[in-house]
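Heads up: the structure comes next, in structure tokens.
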Amino acid sequence: DTLRVKMENFDLSALNQFQKKDLALRGNAAGNAYLFTEPESDMGMFLNFHMDSLGISGVELGDVAVSSRIDDEENAVILKLRNVLNGKQVIDLNGTMIPKEKEVDIDADIDGFNIKAAQPFLSNVFGEMGGKMSGHFFLNGKTGNLDISSEGARLENALLRVSATGAPYILNGPFILGNDEIRFEGMDISDNSEGRATLNGSLDYRDFKNMNIDATLAFNKLKVVDRPEISSDSFYGHLIASGMAKVSGPVNALFIDADVTTDGDGDIHVPLSGKLSSNKGQLLTYVNHSEIDPYELMVQKYSAKEKVRSDMRVRASVGITEGLNALMEIDKSVGNIISFNGNGRVNMDLRPSKSQINLNGDYRISNGKYHFVLPGLLEKDLNIKDGSSIQFGGDLMDSQIDISAIYNLKTSVATLISDTTKVSSRKSVDAGITISNKLSNPDISFFIDIPNLDPATKSRVDASLDTEDKVQKQFVALLLLGTFIPNDESGVFNGANMLYSNVGEIVSGQLNSILSRLNIPVDLGLSYQANNSGNNVFDVAVSTQLFNNRVTVSGNVGNRQYKPTSAASSNVVGDLDIEVKIDRNGKLRVKLFSHSADSYSNFLDNF
């Protein structure tokens, strides 16, 4: 008829192995408890426990004292709980319980309770929690039909980092606790930058195992994706947006329906070489049976941790602006990455936990770069041609792409056509790559364009580039050596020019690397070409982007290949191009230029 428990300096961490959740309990407990029954009377309980240095999930909760006593006149059990942290009373709970009537009447005054203590119970939804909760809370009525209410309840700098997107949110404002839900009316939300949002709605907690949310969110410049690079993820990066969103469903399987527009700068990485396909398990599994001690079996059972992944689904209509930088990682291990900006509207259906990305819509690329790498040989940035596009039609890997990237340089075509007498001076050459077809199976082709050739020279150039193999070989030579290489049948080879050109490219690369580390937005290019007649040619090319990439300035300066015929003529020549985006999207542009007189063609010089 009597049960007595006495503790002295009991280590609470011993209870962790019996918890399904990783509570990380710690602290010490001491006290006495008596549970007794007497003939023809109700069950009684005396309780007097004290826990010092209590901690849950790495959160310091301080000292907790719990006590109860019997009130014979009321036939009730009087309950008290006090929680003190660093000299401040955080929880002051008082209540009565009448076992015979099965009635409970409890009120708790909470002042700055750390909500991170609840993270083990919501770890599949929030990767990080913090902040404080305060208010006066009431619980009364018969067991099984209790009334729950609150007065002055509010969150103070409550941090919730959503596991599926990695975005952190800080909540400040009041909430209302009811019998079966928590209501939010004008809850202020911010991220760790300048983003703000307002939350209205409710969280249904009638069944604590299946809590549901039904809320709307109006936001401005709010972080919606803030995921670091993880090898198993289908996408990662940073994305800021403005718009409206409706959030509904269980907290571990939220459904978000949104209409948003990207806002400000951001970057989204899509690793095309990542593991996007589903894994196939083995058909047969071999198990080595062995005798297990019954006690060890019991410990293993209680030590099992419940692992439930969040299963968020996002359906959104997204207006994409040029501030978003998209990166397609063709082969990041060696550095082959396409980065671009543009605009369009895309309907998205995302399920990050299943690595599912379904997109529909059109995206027009206005500018970008293709970082082209041949391991151990060369590393160049090709400019993506304005007007390139991506058409989304379902699965991300089924997207139709049409991207052209160009590397511009100046070099002589004499070696290409085996003629050093007429066209030995350098010409502007565009060496490019075209990527088309589906993203899952792209077609990659190469092209070389040399504008402003006279008809006779153009026909000879076309004949030297009449097969895909020839174009590909010359493309690599232009990027690697900065010059054409002779065809197999020509017998023309200028080793000195190739050496000088290669040294110039190496020096340019080192200078650009230093400028990049110093955050100086300038791109330099150096080129040197020796000639048997006339002057050796030395060029310096400079380019930069100003005013948030609204103004692009590029140009080059060098000496003339042939000495001036007039004493008044300068030996220094150069080109200057300035391009200004009139509108933010860059659809309307103004281009200013100053180009030196063209002296490379005997044919054109007659006009």
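Ligands are numbered from 1 in the order shown, chains are lettered A, B, ... in the order of the structure tokens, and residues start at 1 in each chain.
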So that I can check the surroundings of Ser57 in chain A, please list as a PDB file with N, CA, C and O atoms, in the first residue's frame every protein, DNA and RNA residue that reaches within 9 Å of it, counting only C-alpha atoms and ignoring chain neighbours fewer than 3 positions away.
ATOM      1  N   ASP A  22      16.702  12.140 -28.914  1.00  0.00           N
ATOM      2  CA  ASP A  22      18.013  12.452 -28.374  1.00  0.00           C
ATOM      3  C   ASP A  22      17.890  13.699 -27.487  1.00  0.00           C
ATOM      4  O   ASP A  22      18.183  14.814 -27.895  1.00  0.00           O
ATOM      5  N   LEU A  23      17.443  13.494 -26.244  1.00  0.00           N
ATOM      6  CA  LEU A  23      17.189  14.617 -25.345  1.00  0.00           C
ATOM      7  C   LEU A  23      18.471  15.185 -24.749  1.00  0.00           C
ATOM      8  O   LEU A  23      18.487  16.332 -24.320  1.00  0.00           O
ATOM      9  N   ALA A  24      19.520  14.397 -24.698  1.00  0.00           N
ATOM     10  CA  ALA A  24      20.787  14.832 -24.096  1.00  0.00           C
ATOM     11  C   ALA A  24      20.556  15.385 -22.687  1.00  0.00           C
ATOM     12  O   ALA A  24      21.009  16.473 -22.330  1.00  0.00           O
ATOM     13  N   LEU A  25      19.836  14.617 -21.882  1.00  0.00           N
ATOM     14  CA  LEU A  25      19.564  15.012 -20.498  1.00  0.00           C
ATOM     15  C   LEU A  25      20.856  15.032 -19.688  1.00  0.00           C
ATOM     16  O   LEU A  25      21.725  14.171 -19.860  1.00  0.00           O
ATOM     17  N   ARG A  26      20.939  16.000 -18.783  1.00  0.00           N
ATOM     18  CA  ARG A  26      22.057  16.011 -17.834  1.00  0.00           C
ATOM     19  C   ARG A  26      21.636  16.791 -16.594  1.00  0.00           C
ATOM     20  O   ARG A  26      20.651  17.531 -16.603  1.00  0.00           O
ATOM     21  N   GLU A  60      20.824  25.069 -21.085  1.00  0.00           N
ATOM     22  CA  GLU A  60      20.862  25.191 -19.627  1.00  0.00           C
ATOM     23  C   GLU A  60      19.484  25.622 -19.122  1.00  0.00           C
ATOM     24  O   GLU A  60      18.975  26.682 -19.487  1.00  0.00           O
ATOM     25  N   LYS A 116      14.685  26.279 -27.394  1.00  0.00           N
ATOM     26  CA  LYS A 116      15.585  25.283 -27.971  1.00  0.00           C
ATOM     27  C   LYS A 116      15.436  23.941 -27.272  1.00  0.00           C
ATOM     28  O   LYS A 116      15.771  22.895 -27.835  1.00  0.00           O
ATOM     29  N   ALA A 117      14.906  23.942 -26.055  1.00  0.00           N
ATOM     30  CA  ALA A 117      14.700  22.695 -25.330  1.00  0.00           C
ATOM     31  C   ALA A 117      13.706  21.789 -26.038  1.00  0.00           C
ATOM     32  O   ALA A 117      13.679  20.576 -25.807  1.00  0.00           O
ATOM     33  N   ALA A 118      12.880  22.367 -26.938  1.00  0.00           N
ATOM     34  CA  ALA A 118      11.888  21.569 -27.671  1.00  0.00           C
ATOM     35  C   ALA A 118      12.442  21.017 -28.973  1.00  0.00           C
ATOM     36  O   ALA A 118      11.733  20.290 -29.685  1.00  0.00           O
ATOM     37  N   GLN A 119      13.697  21.330 -29.327  1.00  0.00           N
ATOM     38  CA  GLN A 119      14.230  20.917 -30.631  1.00  0.00           C
ATOM     39  C   GLN A 119      14.263  19.400 -30.834  1.00  0.00           C
ATOM     40  O   GLN A 119      13.998  18.919 -31.942  1.00  0.00           O
ATOM     41  N   PRO A 120      14.571  18.574 -29.823  1.00  0.00           N
ATOM     42  CA  PRO A 120      14.557  17.122 -30.070  1.00  0.00           C
ATOM     43  C   PRO A 120      13.210  16.605 -30.568  1.00  0.00           C
ATOM     44  O   PRO A 120      13.152  15.605 -31.286  1.00  0.00           O
TER      45      PRO A 120
END
Sorted by chain and rising residue number, list the residues of range 324-353 of chain A at most 9 Å from range 363-373 of chain A (counting only C-alpha atoms), each with its closest atom pair and distance in Å to one decimal, as a tab-separated table.
residue	atom	partner	partner_atom	distance
A:Asn325	CA	A:Gly368	CA	8.6
A:Val334	CA	A:Val373	CA	6.8
A:Gly335	CA	A:Val373	CA	6.2
A:Asn336	CA	A:Phe372	CA	5.3
A:Ile337	CA	A:His371	CA	5.3
A:Ile338	CA	A:Tyr370	CA	4.4
A:Ser339	CA	A:Lys369	CA	5.4
A:Phe340	CA	A:Gly368	CA	3.8
A:Asn341	CA	A:Asn367	CA	5.6
A:Gly342	CA	A:Ile365	CA	4.2
A:Asn343	CA	A:Arg364	CA	5.6
A:Gly344	CA	A:Tyr363	CA	4.5
A:Arg345	CA	A:Tyr363	CA	6.8
A:Val346	CA	A:Tyr363	CA	7.4
Of the candidates A:Val429, A:Leu146, A:Leu592, A:Met51, which one gets nearest to Pro451 in chain A if we count only C-alpha atoms?
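Closest candidate: A:Val429.
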List every residue of range 18-143 of chain A that DSSP, applied to the backbone of this structure, places in strand (DSSP E or B), and write the result as number ranges by chain.
A: 26-36, 44-56, 59-71, 76-85, 88-98, 103-114, 126-142
How far is it from CA of Gly249 in chain A to CA of Phe113 in chain A, in Å with one decimal?
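Here the two named atoms are 27.3 Å from each other.
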Pairwise distance for CA of Gly186 in chain A and CA of Leu217 in chain A, rounded to one decimal in Å:
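So the two atoms, CA of Gly186 in chain A and CA of Leu217 in chain A, lie 9.7 Å apart.
For the set A:Leu93, A:Ile176, A:Leu199, A:Met348, the residue with the smallest atom-to-atom gap to Asp257 in chain A is A:Met348, counting only C-alpha atoms.
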Looking at A:Gly243, A:Glu181, A:Glu103, A:Asn212, which one is nearest to Ala197 in chain A, with distances taken over only C-alpha atoms?
A:Gly243
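Around Val461 in chain A, within 8 Å and counting only C-alpha atoms, the residues found are Val413, Leu416 and Ile417 of chain A, once anything fewer than 6 positions away on its own chain is removed.
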Skip range 67-74 of chain A itself and residues of its chain fewer than 3 positions away, then list as an mmCIF file with C-alpha atoms, in the first residue's frame all residues within 6 Å of it, counting only C-alpha atoms.
data_model
loop_
_atom_site.group_PDB
_atom_site.id
_atom_site.type_symbol
_atom_site.label_atom_id
_atom_site.label_comp_id
_atom_site.auth_asym_id
_atom_site.auth_seq_id
_atom_site.Cartn_x
_atom_site.Cartn_y
_atom_site.Cartn_z
ATOM 1 C CA PHE A 46 3.848 13.448 -1.348
ATOM 2 C CA LEU A 47 6.606 14.766 -3.604
ATOM 3 C CA ASN A 48 9.687 16.847 -2.910
ATOM 4 C CA VAL A 77 -3.178 17.294 -4.332
ATOM 5 C CA ILE A 78 -1.433 20.710 -4.317
ATOM 6 C CA LEU A 79 1.311 20.944 -6.982
ATOM 7 C CA LYS A 80 4.163 23.438 -7.266
#
Residues near Asp147 in chain A, cut-off 10 Å, only C-alpha atoms, skip fewer than 3 positions along chain, as a PyMOL selection string:
chain A and resi 104-105+138-144+178-180
Selection export as a PDB file, in the first residue's frame, atoms kept: N, CA and C atoms:
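Output contents, as saved in selection_6.pdb:
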ATOM      1  N   VAL A 104      -8.377  18.937 -12.932  1.00  0.00           N
ATOM      2  CA  VAL A 104      -7.059  19.578 -12.885  1.00  0.00           C
ATOM      3  C   VAL A 104      -7.253  21.079 -13.032  1.00  0.00           C
ATOM      4  N   ASP A 105      -6.517  21.841 -12.247  1.00  0.00           N
ATOM      5  CA  ASP A 105      -6.542  23.302 -12.356  1.00  0.00           C
ATOM      6  C   ASP A 105      -5.115  23.804 -12.153  1.00  0.00           C
ATOM      7  N   PHE A 138      -2.893  28.587 -18.831  1.00  0.00           N
ATOM      8  CA  PHE A 138      -3.876  27.960 -17.942  1.00  0.00           C
ATOM      9  C   PHE A 138      -4.292  26.607 -18.501  1.00  0.00           C
ATOM     10  N   LEU A 139      -4.484  25.637 -17.547  1.00  0.00           N
ATOM     11  CA  LEU A 139      -4.952  24.296 -17.896  1.00  0.00           C
ATOM     12  C   LEU A 139      -5.949  23.870 -16.818  1.00  0.00           C
ATOM     13  N   ASN A 140      -7.216  23.673 -17.206  1.00  0.00           N
ATOM     14  CA  ASN A 140      -8.202  23.278 -16.191  1.00  0.00           C
ATOM     15  C   ASN A 140      -9.312  22.461 -16.842  1.00  0.00           C
ATOM     16  N   GLY A 141     -10.020  21.712 -15.972  1.00  0.00           N
ATOM     17  CA  GLY A 141     -11.108  20.863 -16.425  1.00  0.00           C
ATOM     18  C   GLY A 141     -10.852  19.415 -16.074  1.00  0.00           C
ATOM     19  N   LYS A 142     -11.711  18.563 -16.569  1.00  0.00           N
ATOM     20  CA  LYS A 142     -11.563  17.131 -16.327  1.00  0.00           C
ATOM     21  C   LYS A 142     -10.572  16.533 -17.321  1.00  0.00           C
ATOM     22  N   THR A 143      -9.827  15.553 -16.846  1.00  0.00           N
ATOM     23  CA  THR A 143      -8.866  14.895 -17.714  1.00  0.00           C
ATOM     24  C   THR A 143      -9.586  14.283 -18.902  1.00  0.00           C
ATOM     25  N   GLY A 144      -9.010  14.480 -20.077  1.00  0.00           N
ATOM     26  CA  GLY A 144      -9.644  14.028 -21.308  1.00  0.00           C
ATOM     27  C   GLY A 144     -10.457  15.108 -21.984  1.00  0.00           C
ATOM     28  N   GLY A 178      -4.997  28.014 -27.589  1.00  0.00           N
ATOM     29  CA  GLY A 178      -6.355  27.544 -27.372  1.00  0.00           C
ATOM     30  C   GLY A 178      -6.395  26.066 -27.056  1.00  0.00           C
ATOM     31  N   ASN A 179      -7.600  25.514 -27.013  1.00  0.00           N
ATOM     32  CA  ASN A 179      -7.767  24.106 -26.644  1.00  0.00           C
ATOM     33  C   ASN A 179      -7.069  23.165 -27.611  1.00  0.00           C
ATOM     34  N   ASP A 180      -7.105  23.502 -28.902  1.00  0.00           N
ATOM     35  CA  ASP A 180      -6.549  22.571 -29.872  1.00  0.00           C
ATOM     36  C   ASP A 180      -5.671  23.237 -30.913  1.00  0.00           C
TER      37      ASP A 180
END
May I have the residues within 8 Å of Glu156 in chain A as a list in words, using only C-alpha atoms and disregarding those fewer than 3 positions away in the same chain?
Gly131, Lys132, Met133, Ser134, Leu171, Asn172 and Gly173 of chain A
Within 12 Å of Pro228 in chain A, counting only C-alpha atoms, which residues show up once you throw out same-chain ones fewer than 5 positions away? Write them as an MDAnalysis selection string, please.
chainID A and resid 163:167 233:239 267:269
Taking into account only C-alpha atoms, which residue in the set A:Ser418, A:Gly432, A:Lys102, A:Asn145 is nearest to Thr457 in chain A?
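Looking at the shortest contact to Thr457 in chain A, the residue is A:Ser418.
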Distance CA of Ile189 in chain A-CA of Val59 in chain A, one decimal place?
23.4 Å
